[in-house]
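Step one of this worksheet: look at the structure below.
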Amino acid sequence: QVQLVESGGGLVQTGGSLRLSCAVSASSFRFAAMGWYRQAPGKQRDLVASIDSSGNTDYADSVKGRFAISRDNAENTMYLQMNSLKSEDTAVYYCNYRPLFGRGYWGQGTQVTVST
C-alpha cells in the first residue's frame, strides 16, 4: 500500500508564499508521474501542476509564473512552491502519485487559505 503524506498548508495573507510537500512511501517513486491538484468548496478537483519522471513540468494557466513544482527522488518527495498567493488559491491541495503500472494514489489533502 502506497502512502502519500502532505504537509505545509496553512493560512497566509494575499501576496504571501507557502511550500507544500508530499512524501511518498513507494520504492518506484522516481519512475512515477506526480501531480498537485486542488479543490475549492463546491468545485471540482482541478490539476494545478504536474511533473513526470524526467522532470518535465506543466502548470494550470492560473498558476503559471507563481507556482513551481519539483521533486527529490532521493527523498521520495514532491514539492509545490507557491508565491504571490491570491484569495482564489484557497483550496484543499492534494498530491497524486501515478506509477507506470498499477493504480494511482492520493494524499489526504492539506488546506491552504489565503486571506485578504
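A note on labels: chains of the C-alpha cells are A, B, ... as shown, every chain counts residues from 1, and ligands are counted from 1 in their shown order.
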
Original post:
Leaving out Gly109 in chain A and any residue of its chain fewer than 5 positions from it, which residues lie within 12 Å of it when counting only C-alpha atoms, given as a list of chain:residue names?
Top reply: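 So the residues in contact are A:Leu4, A:Val5, A:Glu6, A:Ser7, A:Gly8, A:Gly9, A:Gly10, A:Leu20, A:Ser21, A:Cys22, A:Trp36, A:Tyr37, A:Arg38, A:Gln39, A:Ala40, A:Arg45, A:Ala91, A:Val92, A:Tyr93, A:Tyr94, A:Cys95, A:Asn96.
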
**OP:** May I ask which of the residues A:Ser70, A:Asn83, A:Ser54, A:Thr77 is the closest one to Leu18 in chain A, counting only C-alpha atoms?
**Re:**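 Nearest candidate to Leu18 in chain A out of A:Ser70, A:Asn83, A:Ser54, A:Thr77: A:Asn83.
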
Subject >> Per-residue DSSP, range 4-106 of chain A, filtered to helix (DSSP H, G or I), as number ranges by chain >> reply: A: 29-31, 61-63, 87-89

I'd like the neighbourhood of Tyr59 in chain A as a compact mmCIF listing (two decimals) with all heavy atoms, in the first residue's frame, where a residue qualifies if any of its atoms comes within 8 Å (using only C-alpha atoms), though same-chain residues fewer than 6 positions away should be ignored.
```txt
# COMPACT_ATOMS: atom_id res chain seq x y z
N LEU A 47 -6.37 20.02 -11.73
CA LEU A 47 -4.91 19.90 -11.76
C LEU A 47 -4.27 21.28 -11.63
O LEU A 47 -4.66 22.21 -12.33
CB LEU A 47 -4.47 19.24 -13.06
CG LEU A 47 -2.96 19.08 -13.25
CD1 LEU A 47 -2.38 18.11 -12.24
CD2 LEU A 47 -2.66 18.61 -14.68
N VAL A 48 -3.29 21.37 -10.74
CA VAL A 48 -2.54 22.62 -10.56
C VAL A 48 -1.21 22.54 -11.29
O VAL A 48 -0.83 23.45 -12.03
CB VAL A 48 -2.30 22.89 -9.07
CG1 VAL A 48 -1.41 24.12 -8.89
CG2 VAL A 48 -3.62 23.07 -8.33
N ALA A 49 -0.50 21.44 -11.07
CA ALA A 49 0.83 21.28 -11.68
C ALA A 49 1.17 19.80 -11.71
O ALA A 49 0.69 19.03 -10.87
CB ALA A 49 1.89 22.04 -10.89
N SER A 50 2.00 19.42 -12.67
CA SER A 50 2.43 18.03 -12.77
C SER A 50 3.91 17.97 -13.12
O SER A 50 4.46 18.93 -13.69
CB SER A 50 1.60 17.27 -13.80
OG SER A 50 1.79 17.82 -15.08
```

**OP:** Check the smallest atom-to-atom distance from each of A:Ser115, A:Ser27, A:Ser17, A:Ser84 to Gly65 in chain A using only C-alpha atoms, then report the winner.
**Re:**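 When distances to Gly65 in chain A are compared using only C-alpha atoms, the smallest one comes from A:Ser84.
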
**OP:** Write down as a ChimeraX atom specification the residues belonging to range 13-93 of chain A that are assigned strand (DSSP E or B) by DSSP computed on the backbone.
**Re:** /A:13,18-24,33-39,46-51,57-59,67-72,77-82,91-93

Original post:
Using only C-alpha atoms, which residues sit within 10 Å of Ile51 in chain A once same-chain residues fewer than 2 positions away are excluded, as a PyMOL selection string?
Top reply: chain A and resi 32-36+49+53-59+69-71+78

**OP:** Please provide the set of residues having any atom within 9 Å of Ser25 in chain A, restricted to only C-alpha atoms, with same-chain residues fewer than 3 positions apart removed, written as a list in words.
**Re:**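 Those residues are Gln1, Val2, Gln3, Leu4, Val5, Ser28, Phe29 and Asn76 of chain A.
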